[in-house]
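Below is the file my_file_24.txt, which contains compact mmCIF, C-alpha atoms.
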# COMPACT_ATOMS: atom_id res chain seq x y z
CA MET A 1268 -11.91 15.30 -38.49
CA ASP A 1269 -11.16 18.20 -36.13
CA GLU A 1270 -14.17 17.27 -34.01
CA SER A 1271 -12.89 13.69 -33.77
CA LYS A 1272 -9.46 14.90 -32.64
CA GLY A 1273 -11.06 17.25 -30.13
CA ALA A 1274 -13.19 14.46 -28.68
CA LYS A 1275 -10.15 12.19 -28.44
CA LEU A 1276 -8.14 14.93 -26.70
CA LYS A 1277 -10.99 15.56 -24.25
CA SER A 1278 -11.29 11.82 -23.50
CA THR A 1279 -7.52 11.50 -22.98
CA LEU A 1280 -7.37 14.50 -20.67
CA LEU A 1281 -10.30 13.10 -18.65
CA THR A 1282 -8.51 9.76 -18.32
CA ASN A 1283 -5.33 11.51 -17.19
CA PHE A 1284 -7.32 13.55 -14.69
CA LYS A 1285 -8.78 10.38 -13.18
CA GLN A 1286 -5.34 8.79 -13.05
CA TYR A 1287 -3.44 11.71 -11.54
CA SER A 1288 -6.13 13.61 -9.62
CA MET A 1289 -5.26 11.92 -6.32
CA LEU A 1290 -1.57 12.66 -6.81
CA ILE A 1291 -2.42 16.32 -7.35
CA ALA A 1292 -4.81 16.20 -4.37
CA LEU A 1293 -2.03 14.70 -2.21
CA PHE A 1294 0.24 17.66 -3.00
CA PHE A 1295 -2.52 20.15 -2.19
CA VAL A 1296 -3.34 18.40 1.10
CA MET A 1297 0.34 18.46 2.05
CA ILE A 1298 0.54 22.19 1.30
CA ILE A 1299 -2.63 22.88 3.33
CA PHE A 1300 -1.37 20.92 6.35
CA GLU A 1301 2.08 22.48 6.04
CA ILE A 1302 0.42 25.90 6.40
CA THR A 1303 -2.11 24.96 9.10
CA THR A 1304 0.48 23.10 11.23
CA ASN A 1305 2.98 25.99 11.11
CA ALA A 1306 5.38 24.02 8.87
CA VAL A 1307 5.52 21.01 11.21
CA LEU A 1308 4.24 18.44 8.69
CA LEU A 1309 7.36 18.46 6.51
CA VAL A 1310 9.90 18.79 9.33
CA PRO A 1311 12.54 16.07 8.64
CA GLN A 1312 11.78 14.12 11.83
CA ASN A 1313 8.05 14.13 11.09
CA VAL A 1314 8.63 12.89 7.51
CA SER A 1315 10.56 9.95 8.99
CA ASN A 1316 7.70 9.37 11.42
CA LEU A 1317 5.22 9.39 8.52
CA ILE A 1318 7.18 6.60 6.83
CA PHE A 1319 7.41 4.55 10.03
CA GLN A 1320 3.75 5.08 10.95
CA ASN A 1321 2.36 4.17 7.53
CA ALA A 1322 4.70 1.39 6.40
CA TYR A 1323 2.17 -1.28 7.36
CA VAL A 1324 -0.57 0.51 5.36
CA VAL A 1325 1.52 0.41 2.16
CA VAL A 1326 2.22 -3.31 2.60
CA LEU A 1327 -1.43 -4.14 3.28
CA ALA A 1328 -2.64 -1.94 0.41
CA CYS A 1329 -0.46 -3.83 -2.10
CA GLY A 1330 -2.10 -7.10 -1.05
CA MET A 1331 -5.59 -5.64 -0.81
CA LEU A 1332 -5.36 -4.27 -4.35
CA LEU A 1333 -4.93 -7.78 -5.75
CA CYS A 1334 -8.08 -8.90 -3.91
CA ILE A 1335 -10.03 -5.88 -5.18
CA LEU A 1336 -8.89 -6.52 -8.76
CA THR A 1337 -10.60 -9.93 -8.72
CA GLY A 1338 -14.01 -8.25 -8.74
CA GLY A 1339 -14.22 -5.63 -5.99
CA ASN A 1340 -13.60 -8.24 -3.28
CA ILE A 1341 -11.92 -7.29 0.00
CA ASP A 1342 -10.24 -9.03 2.94
CA LEU A 1343 -11.66 -8.08 6.33
CA SER A 1344 -9.24 -10.25 8.31
CA VAL A 1345 -5.95 -8.43 7.68
CA GLY A 1346 -6.04 -6.45 10.93
CA SER A 1347 -6.55 -9.62 12.95
CA ILE A 1348 -3.73 -11.36 11.04
CA VAL A 1349 -1.42 -8.42 11.84
CA GLY A 1350 -2.27 -8.83 15.53
CA LEU A 1351 -1.82 -12.63 15.47
CA ILE A 1352 1.54 -12.52 13.67
CA GLY A 1353 2.78 -9.88 16.11
CA ALA A 1354 1.63 -12.11 18.98
CA ILE A 1355 3.47 -15.13 17.53
CA ALA A 1356 6.62 -13.03 17.06
CA GLY A 1357 6.39 -11.77 20.64
CA LYS A 1358 5.87 -15.28 22.00
CA LEU A 1359 8.83 -16.71 20.07
CA ILE A 1360 11.32 -13.84 20.37
CA ILE A 1361 10.52 -12.21 23.73
CA GLU A 1362 9.21 -15.12 25.78
CA ASN A 1363 11.02 -18.12 24.26
CA LYS A 1364 14.23 -16.25 23.27
CA MET A 1365 14.22 -17.87 19.82
CA ASN A 1366 16.53 -16.66 17.04
CA VAL A 1367 15.09 -13.51 15.45
CA TYR A 1368 15.41 -14.65 11.83
CA VAL A 1369 14.04 -18.14 12.51
CA SER A 1370 11.10 -16.51 14.28
CA ILE A 1371 10.48 -14.19 11.33
CA LEU A 1372 10.49 -17.17 8.95
CA ILE A 1373 7.97 -19.02 11.16
CA CYS A 1374 5.71 -15.94 11.19
CA LEU A 1375 5.81 -15.63 7.40
CA VAL A 1376 4.99 -19.33 6.99
CA ALA A 1377 2.08 -18.85 9.42
CA GLY A 1378 0.84 -15.99 7.23
CA LEU A 1379 1.00 -18.21 4.14
CA ALA A 1380 -0.91 -20.95 5.97
CA ILE A 1381 -3.64 -18.49 6.94
CA GLY A 1382 -3.87 -17.28 3.34
CA MET A 1383 -4.15 -20.83 2.01
CA TRP A 1384 -6.96 -21.45 4.52
CA HIS A 1385 -8.86 -18.43 3.18
CA GLY A 1386 -8.02 -19.28 -0.42
CA PHE A 1387 -9.36 -22.82 -0.07
CA TRP A 1388 -12.80 -21.72 1.17
CA ILE A 1389 -13.06 -18.86 -1.34
CA ALA A 1390 -11.69 -20.53 -4.47
CA TYR A 1391 -12.72 -24.16 -4.12
CA VAL A 1392 -15.73 -24.18 -1.78
CA LYS A 1393 -16.95 -20.92 -3.37
CA ILE A 1394 -17.93 -19.17 -0.16
CA PRO A 1395 -18.04 -15.38 -0.76
CA PRO A 1396 -14.76 -13.63 0.25
CA PHE A 1397 -16.66 -11.23 2.50
CA ILE A 1398 -17.96 -14.13 4.66
CA VAL A 1399 -14.70 -16.08 4.73
CA THR A 1400 -12.59 -13.09 5.74
CA LEU A 1401 -15.20 -11.90 8.23
CA THR A 1402 -14.94 -15.26 10.00
CA GLY A 1403 -11.16 -14.95 9.74
CA MET A 1404 -11.32 -11.57 11.43
CA LEU A 1405 -13.10 -13.15 14.40
CA ILE A 1406 -11.05 -16.39 14.51
CA PHE A 1407 -7.61 -14.77 14.33
CA ARG A 1408 -8.47 -12.00 16.78
CA GLY A 1409 -9.52 -14.70 19.21
CA MET A 1410 -6.32 -16.64 18.54
CA THR A 1411 -4.31 -13.48 19.26
CA LEU A 1412 -5.91 -13.25 22.69
CA VAL A 1413 -5.21 -16.94 23.31
CA VAL A 1414 -1.53 -16.69 22.28
CA LEU A 1415 -0.92 -13.62 24.45
CA ASN A 1416 -3.31 -14.71 27.23
CA GLY A 1417 -4.67 -11.17 27.14
CA LEU A 1418 -1.27 -9.68 28.06
CA THR A 1419 1.17 -7.41 26.23
CA LEU A 1420 4.70 -8.70 25.65
CA SER A 1421 7.65 -6.29 25.41
CA PRO A 1422 10.34 -5.26 24.62
CA PHE A 1423 11.76 -6.84 21.46
CA PRO A 1424 15.57 -7.13 21.10
CA ASP A 1425 17.42 -4.43 19.13
CA GLU A 1426 18.22 -6.90 16.34
CA TYR A 1427 14.50 -7.20 15.62
CA LEU A 1428 13.69 -3.51 16.08
CA LYS A 1429 16.09 -2.53 13.29
CA ILE A 1430 13.50 -3.87 10.83
CA SER A 1431 11.10 -1.01 11.44
CA THR A 1432 12.93 1.64 13.46
CA GLY A 1433 16.49 1.68 12.12
CA TYR A 1434 18.30 3.82 9.55
CA PHE A 1435 20.95 3.08 6.94
CA PRO A 1436 24.34 4.52 8.05
CA ASP A 1437 25.80 7.37 6.01
CA ILE A 1438 29.08 5.94 4.70
CA LEU A 1439 30.17 9.34 3.33
CA ASN A 1440 30.09 11.13 6.71
CA ILE A 1441 29.53 14.69 5.44
CA GLU A 1442 28.66 17.01 8.31
CA GLY A 1443 25.17 18.54 8.35
CA VAL A 1444 23.63 16.34 5.65
CA ASN A 1445 23.17 12.65 4.93
CA ALA A 1446 24.84 12.51 1.52
CA LEU A 1447 23.93 8.85 0.92
CA THR A 1448 20.24 9.78 1.03
CA LEU A 1449 20.71 12.55 -1.55
CA ILE A 1450 22.62 10.20 -3.87
CA VAL A 1451 19.93 7.51 -3.58
CA GLY A 1452 17.20 10.11 -4.25
CA ALA A 1453 19.03 11.41 -7.35
CA LEU A 1454 19.58 7.88 -8.67
CA ALA A 1455 15.93 6.98 -8.03
CA THR A 1456 14.84 10.07 -9.97
CA ILE A 1457 17.11 9.30 -12.93
CA ILE A 1458 16.00 5.65 -13.04
CA TYR A 1459 12.31 6.59 -12.82
CA VAL A 1460 12.49 9.21 -15.60
CA SER A 1461 14.55 6.88 -17.82
CA MET A 1462 12.06 4.02 -17.37
CA GLN A 1463 9.09 6.28 -18.14
CA LEU A 1464 10.71 7.66 -21.31
CA TYR A 1465 11.78 4.18 -22.40
CA GLY A 1466 8.29 2.79 -21.81
CA ARG A 1467 6.70 5.63 -23.76
CA ALA A 1468 9.10 5.15 -26.69
CA ARG A 1469 8.50 1.39 -26.65
CA LYS A 1470 4.72 1.87 -26.82
CA ARG A 1471 5.12 4.27 -29.73
CA ARG A 1472 7.30 1.80 -31.64
CA LYS A 1473 4.72 -0.97 -31.18
CA GLY A 1474 1.85 1.28 -32.16
CA TYR A 1475 0.18 1.32 -28.72
CA GLU A 1476 -1.71 4.35 -27.46
CA ASN A 1477 0.30 6.57 -25.10
CA ASP A 1478 -0.80 8.96 -22.39
CA HIS A 1479 -1.36 12.52 -23.56
CA PRO A 1480 1.95 14.49 -23.36
CA PHE A 1481 0.37 16.98 -20.95
CA GLY A 1482 -0.63 14.26 -18.48
CA PHE A 1483 2.68 12.46 -18.96
CA VAL A 1484 4.69 15.60 -18.10
CA ILE A 1485 2.51 16.33 -15.06
CA LYS A 1486 3.08 12.79 -13.77
CA ILE A 1487 6.86 13.03 -14.27
CA VAL A 1488 7.07 16.44 -12.60
CA LEU A 1489 4.93 15.50 -9.59
CA ILE A 1490 6.61 12.16 -8.88
CA THR A 1491 10.19 13.37 -9.38
CA THR A 1492 9.44 16.40 -7.19
CA ALA A 1493 8.11 14.05 -4.51
CA ILE A 1494 11.19 11.79 -4.68
CA LEU A 1495 13.63 14.71 -4.48
CA LEU A 1496 11.65 16.44 -1.73
CA VAL A 1497 11.51 13.30 0.42
CA SER A 1498 15.21 12.50 -0.11
CA TRP A 1499 16.26 16.06 0.74
CA THR A 1500 14.07 16.11 3.85
CA LEU A 1501 15.33 12.71 5.07
CA SER A 1502 18.93 13.82 4.48
CA GLN A 1503 18.38 16.55 7.08
CA HIS A 1504 17.50 13.98 9.78
CA LYS A 1505 19.00 10.50 10.11
CA GLY A 1506 18.81 9.37 6.50
CA ILE A 1507 16.93 6.47 4.91
CA PRO A 1508 14.80 4.34 7.26
CA THR A 1509 15.46 0.61 6.83
CA VAL A 1510 11.74 -0.05 6.46
CA LEU A 1511 11.75 2.18 3.36
CA LEU A 1512 13.89 -0.41 1.56
CA ILE A 1513 11.35 -3.13 2.43
CA LEU A 1514 8.54 -0.95 1.07
CA ALA A 1515 10.48 -0.14 -2.11
CA VAL A 1516 11.10 -3.83 -2.81
CA ILE A 1517 7.44 -4.76 -2.20
CA VAL A 1518 6.08 -1.89 -4.32
CA LEU A 1519 8.46 -2.58 -7.23
CA VAL A 1520 7.86 -6.36 -7.19
CA TYR A 1521 4.07 -6.02 -7.13
CA ALA A 1522 4.04 -3.20 -9.68
CA TYR A 1523 6.05 -5.42 -12.03
CA PHE A 1524 3.81 -8.42 -11.30
CA THR A 1525 0.55 -6.60 -12.00
CA ASN A 1526 1.82 -4.78 -15.12
CA LYS A 1527 4.24 -7.17 -16.79
CA THR A 1528 3.30 -10.77 -15.96
CA VAL A 1529 0.63 -13.18 -17.14
CA GLY A 1530 -0.53 -13.73 -13.55
CA GLY A 1531 -1.10 -10.00 -13.14
CA ARG A 1532 -3.13 -9.88 -16.36
CA TYR A 1533 -5.28 -12.74 -15.06
CA LEU A 1534 -6.24 -10.64 -12.03
CA TYR A 1535 -7.43 -7.77 -14.25
CA ALA A 1536 -9.21 -10.16 -16.60
CA LEU A 1537 -11.06 -11.82 -13.71
CA GLY A 1538 -12.20 -8.46 -12.35
CA GLY A 1539 -13.15 -7.17 -15.80
CA ASN A 1540 -15.41 -10.11 -16.67
CA ALA A 1541 -15.20 -13.31 -14.62
CA LYS A 1542 -17.27 -15.39 -17.06
CA ALA A 1543 -15.23 -14.30 -20.08
CA ALA A 1544 -11.99 -14.95 -18.19
CA GLN A 1545 -13.12 -18.48 -17.37
CA LEU A 1546 -14.21 -19.18 -20.95
CA SER A 1547 -10.85 -17.93 -22.25
CA GLY A 1548 -9.07 -20.65 -20.28
CA ILE A 1549 -8.03 -18.78 -17.13
CA ASN A 1550 -8.16 -20.96 -14.02
CA THR A 1551 -10.14 -18.52 -11.89
CA LYS A 1552 -9.90 -20.76 -8.83
CA LYS A 1553 -6.12 -20.49 -8.84
CA VAL A 1554 -6.32 -16.72 -9.29
CA PHE A 1555 -8.60 -16.36 -6.26
CA PHE A 1556 -6.43 -18.76 -4.24
CA PHE A 1557 -3.29 -16.79 -5.08
CA ALA A 1558 -4.85 -13.38 -4.30
CA TYR A 1559 -5.95 -14.36 -0.79
CA THR A 1560 -2.85 -16.40 0.04
CA ASN A 1561 -0.75 -13.43 -1.00
CA MET A 1562 -2.89 -11.06 1.07
CA ALA A 1563 -2.32 -13.02 4.28
CA PHE A 1564 1.42 -13.28 3.54
CA LEU A 1565 1.68 -9.49 3.19
CA ALA A 1566 -0.43 -9.09 6.33
CA ALA A 1567 2.22 -11.20 8.11
CA VAL A 1568 4.94 -8.87 6.79
CA ALA A 1569 2.90 -5.89 8.01
CA GLY A 1570 2.44 -7.60 11.38
CA LEU A 1571 6.21 -7.99 11.82
CA ILE A 1572 6.80 -4.35 10.83
CA PHE A 1573 4.07 -3.06 13.14
CA ALA A 1574 5.21 -5.14 16.11
CA ALA A 1575 8.73 -3.72 15.70
CA ARG A 1576 7.27 -0.22 15.46
CA LEU A 1577 5.31 -0.71 18.71
CA ASN A 1578 8.22 -2.61 20.33
CA SER A 1579 5.57 -4.91 21.78
CA ALA A 1580 3.02 -7.60 20.94
CA ALA A 1581 -0.39 -6.34 22.07
CA PRO A 1582 -3.82 -8.07 22.01
CA THR A 1583 -5.40 -5.03 20.32
CA ALA A 1584 -2.73 -4.59 17.63
CA GLY A 1585 -4.10 -4.31 14.10
CA GLN A 1586 -7.63 -3.25 14.94
CA GLY A 1587 -9.12 -1.27 12.05
CA PHE A 1588 -6.14 -1.84 9.75
CA GLU A 1589 -8.35 -3.44 7.11
CA MET A 1590 -10.14 -0.11 6.68
CA ASP A 1591 -6.85 1.74 6.10
CA ALA A 1592 -5.81 -0.80 3.44
CA ILE A 1593 -9.19 -0.79 1.67
CA GLY A 1594 -9.41 2.99 1.83
CA SER A 1595 -5.91 3.40 0.36
CA CYS A 1596 -6.81 1.26 -2.66
CA PHE A 1597 -10.10 3.00 -3.44
CA ILE A 1598 -8.68 6.48 -2.83
CA GLY A 1599 -5.79 5.53 -5.12
CA GLY A 1600 -8.12 4.79 -8.03
CA ALA A 1601 -9.07 1.11 -7.67
CA SER A 1602 -12.57 0.37 -8.94
CA ALA A 1603 -15.24 -0.88 -6.56
CA TYR A 1604 -16.23 -3.31 -9.34
CA GLY A 1605 -12.75 -4.79 -9.80
CA GLY A 1606 -10.45 -4.97 -12.81
CA ILE A 1607 -9.08 -1.43 -12.41
CA GLY A 1608 -6.32 -0.20 -10.12
CA THR A 1609 -2.54 0.06 -9.84
CA ILE A 1610 0.10 -0.44 -7.17
CA GLY A 1611 1.21 3.15 -7.75
CA GLY A 1612 -2.34 4.31 -7.09
CA ALA A 1613 -2.52 2.25 -3.88
CA LEU A 1614 0.79 3.82 -2.78
CA ILE A 1615 -0.60 7.32 -3.41
CA GLY A 1616 -3.78 6.38 -1.52
CA ALA A 1617 -1.73 5.13 1.44
CA ALA A 1618 0.34 8.33 1.42
CA PHE A 1619 -2.86 10.40 1.27
CA MET A 1620 -4.33 8.54 4.25
CA GLY A 1621 -1.05 8.87 6.17
CA VAL A 1622 -0.75 12.62 5.57
CA LEU A 1623 -4.42 13.08 6.49
CA ASN A 1624 -4.00 11.18 9.77
CA ASN A 1625 -0.72 12.84 10.70
CA GLY A 1626 -1.82 16.35 9.74
CA MET A 1627 -5.05 16.15 11.72
CA SER A 1628 -3.19 14.70 14.72
CA ILE A 1629 -0.68 17.57 14.69
CA MET A 1630 -3.60 20.03 14.55
CA GLY A 1631 -5.09 18.36 17.64
CA ILE A 1632 -8.24 17.14 15.89
CA SER A 1633 -9.93 14.39 17.90
CA SER A 1634 -9.83 10.79 16.71
CA SER A 1635 -13.62 10.73 16.33
CA VAL A 1636 -13.54 13.65 13.89
CA GLN A 1637 -10.62 12.01 12.06
CA GLN A 1638 -12.77 8.91 11.53
CA ILE A 1639 -15.56 11.05 10.08
CA VAL A 1640 -13.17 12.81 7.68
CA LYS A 1641 -11.59 9.53 6.50
CA GLY A 1642 -15.03 8.00 5.98
CA LEU A 1643 -16.16 10.95 3.86
CA VAL A 1644 -12.96 10.87 1.79
CA LEU A 1645 -13.44 7.16 1.11
CA LEU A 1646 -17.11 7.68 0.19
CA LEU A 1647 -16.20 10.47 -2.26
CA ALA A 1648 -13.46 8.32 -3.85
CA VAL A 1649 -15.84 5.42 -4.47
CA ALA A 1650 -18.64 7.77 -5.59
CA PHE A 1651 -16.23 9.30 -8.13
CA ASP A 1652 -15.52 5.82 -9.52
CA VAL A 1653 -19.20 4.85 -9.69
CA VAL A 1654 -20.28 8.11 -11.36
CA SER A 1655 -17.39 7.91 -13.85
CA LYS A 1656 -18.40 4.34 -14.75
CA ARG A 1657 -22.00 5.42 -15.27
CA LYS A 1658 -21.02 8.26 -17.62
CA THR A 1659 -18.91 5.99 -19.82
CA LYS A 1660 -21.77 3.52 -20.37

Go ahead and express the file in the form of structure tokens.
Amino acid sequence: MDESKGAKLKSTLLTNFKQYSMLIALFFVMIIFEITTNAVLLVPQNVSNLIFQNAYVVVLACGMLLCILTGGNIDLSVGSIVGLIGAIAGKLIIENKMNVYVSILICLVAGLAIGMWHGFWIAYVKIPPFIVTLTGMLIFRGMTLVVLNGLTLSPFPDEYLKISTGYFPDILNIEGVNALTLIVGALATIIYVSMQLYGRARKRRKGYENDHPFGFVIKIVLITTAILLVSWTLSQHKGIPTVLLILAVIVLVYAYFTNKTVGGRYLYALGGNAKAAQLSGINTKKVFFFAYTNMAFLAAVAGLIFAARLNSAAPTAGQGFEMDAIGSCFIGGASAYGGIGTIGGALIGAAFMGVLNNGMSIMGISSSVQQIVKGLVLLLAVAFDVVSKRKTK
């Protein structure tokens, strides 16, 4: 009996290690860069810059995760969609002086239309996602050049720039600190801890298996520390960036969708065993159609955010963004085979990529070396998943 308990404890600890290893690694990487950059990494202004610079990665990673869950599939066109949506926004807002909010709505509808185009070929014509999105990458990059005629449009009006470069005003007006940011950080911490404790108690009441207490406590400590650290740091600068609210809404909505809804369960079922999912009555065509329509919609959101960040619509915008999104998901624990992965993991992966990029840039490491490092990190993340899968068989 003792051997059985020991084996179960070992298995649980291993599972927790897989789940939280990247979160622990993120903290260690932050500490290393904080030391090697002479404490520049966590300077309040640089933390704000990290949020602004990586907002688009978080948005794209949430969409990419849903595609990966369907069976390890990816979308290679997201960078081109980001560029095209930015070009459309620039054409409407800068050149044609159209209302900002009407223009944003048109861009989002365009993103949905692109996603439905991909979804049709993937779900109903059954062309592999890799091929469909590869053609999309070429088509929409070409369309970006056509819309902009090879030129860069700038600047956007202030009303539009507030989306990605503004801050929430501090209504309390306490000198030396943004008190609103501290209050929001404290509330976020209380809500997060309460939800985790409630969820754990609910699982226990229903007889479901819970995480090991050791892993559960580590997760709570690391995430609450991160929330409090970020809120304190932001309170020393200008407060909460407006784009952070957009990211919070997207992350919470998609975390709820993947964990608590039937549609989210369908994605995991499809990635776990497509044939079994189909035989159990799941309309796999609709699941594929939704995943790729959603991906293009979020790429449109990312395109609007990135265009505001650049304050311009450029023909080269979005190049290589698909790699950042894919890398964030796999680094955050998504399986290369599909059926495994979380929004929280994708968020941690995006943060890891962002800290890696920013830290190496501050250290003056060349972009070519940065590409090598990111490639190796991605390879190790996927290798870890593959080896782990092999050991469990």

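Our summary of the geometry notes that CA of Val1640 in chain A is positioned 12.4 Å from CA of Phe1619 in chain A.
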
For range 1309-1379 of chain A against range 1417-1430 of chain A, with a cut-off of 8 Å and counting all atoms listed in the file, what is the closest atom pair and its distance in Å to one decimal for every residue that makes the cut, ordered by chain and number, as a Markdown table?
| residue | atom | partner | partner_atom | distance |
| --- | --- | --- | --- | --- |
| A:Gly1357 | CA | A:Leu1420 | CA | 6.1 |
| A:Lys1358 | CA | A:Leu1420 | CA | 7.6 |
| A:Ile1360 | CA | A:Phe1423 | CA | 7.1 |
| A:Ile1361 | CA | A:Phe1423 | CA | 6.0 |
| A:Glu1362 | CA | A:Leu1420 | CA | 7.8 |
| A:Val1367 | CA | A:Tyr1427 | CA | 6.3 |

Write a file of the selected residues as a CSV table (one decimal), in the coordinates of the input, keeping C-alpha atoms.
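See result_35.csv below for the written result:
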chain,number,residue,atom,x,y,z
A,1357,GLY,CA,6.4,-11.8,20.6
A,1358,LYS,CA,5.9,-15.3,22.0
A,1360,ILE,CA,11.3,-13.8,20.4
A,1361,ILE,CA,10.5,-12.2,23.7
A,1362,GLU,CA,9.2,-15.1,25.8
A,1367,VAL,CA,15.1,-13.5,15.4

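Atom pair CA of Gly1621 in chain A / CA of Ala1377 in chain A: separated by 28.1 Å.
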
> When you draw a straight line from CA of Gly1606 in chain A to CA of Ala1544 in chain A, how long is it in Å?
Replying inline: 11.4 Å

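Comparing the minimum interatomic distances between Ile1458 in chain A and each of A:Ile1494, A:Ala1574, A:Phe1564, A:Arg1471, counting only C-alpha atoms, we find that A:Ile1494 sits nearest.
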
Distance table requested - range 1578-1629 of chain A against range 1308-1315 of chain A, cut-off 8 Å, all atoms listed in the file: one row per qualifying residue with the closest atom pair and its distance in Å to one decimal, ordered by chain and rising residue number, as a Markdown table.
| residue | atom | partner | partner_atom | distance |
| --- | --- | --- | --- | --- |
| A:Asn1625 | CA | A:Leu1308 | CA | 7.7 |
| A:Gly1626 | CA | A:Leu1308 | CA | 6.5 |
| A:Ile1629 | CA | A:Leu1308 | CA | 7.8 |

>> Using all atoms listed in the file, which protein or nucleic acid residues come within 8 Å of range 1387-1398 of chain A? Drop anything in the same chain fewer than 3 positions from it, and give the result as a ChimeraX atom specification.
In response: /A:1340-1343,1383-1384,1401-1402,1551-1553,1555-1556

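Near Gly1594 in chain A, within 9 Å and counting only C-alpha atoms, sit Ala1328, Glu1589, Met1590, Asp1591, Phe1597, Ile1598, Gly1599, Ala1613, Gly1616, Ala1617, Met1620, Lys1641, Gly1642, Val1644, Leu1645 and Ala1648 of chain A; same-chain residues fewer than 3 positions away were not included.
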
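Residues in contact with Gly1378 in chain A at 9 Å, where only C-alpha atoms are counted and same-chain residues fewer than 6 positions away are skipped, are listed as Ile1348, Ile1352, Thr1560, Asn1561, Met1562, Ala1563, Phe1564, Leu1565, Ala1566, Ala1567 and Val1568 of chain A.
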
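Closest to Ser1498 in chain A among A:Gln1320, A:Thr1448, A:Thr1583, A:Asn1550 is A:Thr1448, based on all atoms listed in the file.
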
>> If we count all atoms listed in the file and set the cut-off at 9 Å, which residues sit around Ala1592 in chain A, ignoring sequence neighbours fewer than 4 positions away in its own chain? Please answer as a PyMOL selection string.
In response: chain A and resi 1323-1332+1345+1588+1596-1597+1613+1616-1617

>> Given the point (9.2, -7.2, -4.1) in the coordinates of this file, which residues lie within 12 Å, counting all atoms listed in the file, and how would they look as a ChimeraX atom specification?
In response: /A:1326,1329-1330,1512-1525,1565,1568,1610

>> Considering all atoms listed in the file, can you say which of A:Ser1634, A:Met1365, A:Leu1623, A:Ala1541 comes closest to Phe1295 in chain A?
In response: A:Leu1623

> Skipping near chain neighbours, those fewer than 2 positions away, what residues fall within 9 Å of range 1534-1540 of chain A using only C-alpha atoms, listed as a PyMOL selection string?
Replying inline: chain A and resi 1333-1339+1525+1529-1532+1542-1545+1549+1551+1554-1555+1558+1604-1608

> Counting all atoms listed in the file, which of A:Ile1593, A:Ile1291, A:Met1297, A:Ile1438 gets nearest to Val1622 in chain A?
Replying inline: A:Met1297

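Among the candidate residues A:Tyr1434, A:Tyr1559, A:Phe1573, A:Phe1651, the one lying nearest to Asn1321 in chain A is A:Phe1573, with distances computed using all atoms listed in the file.
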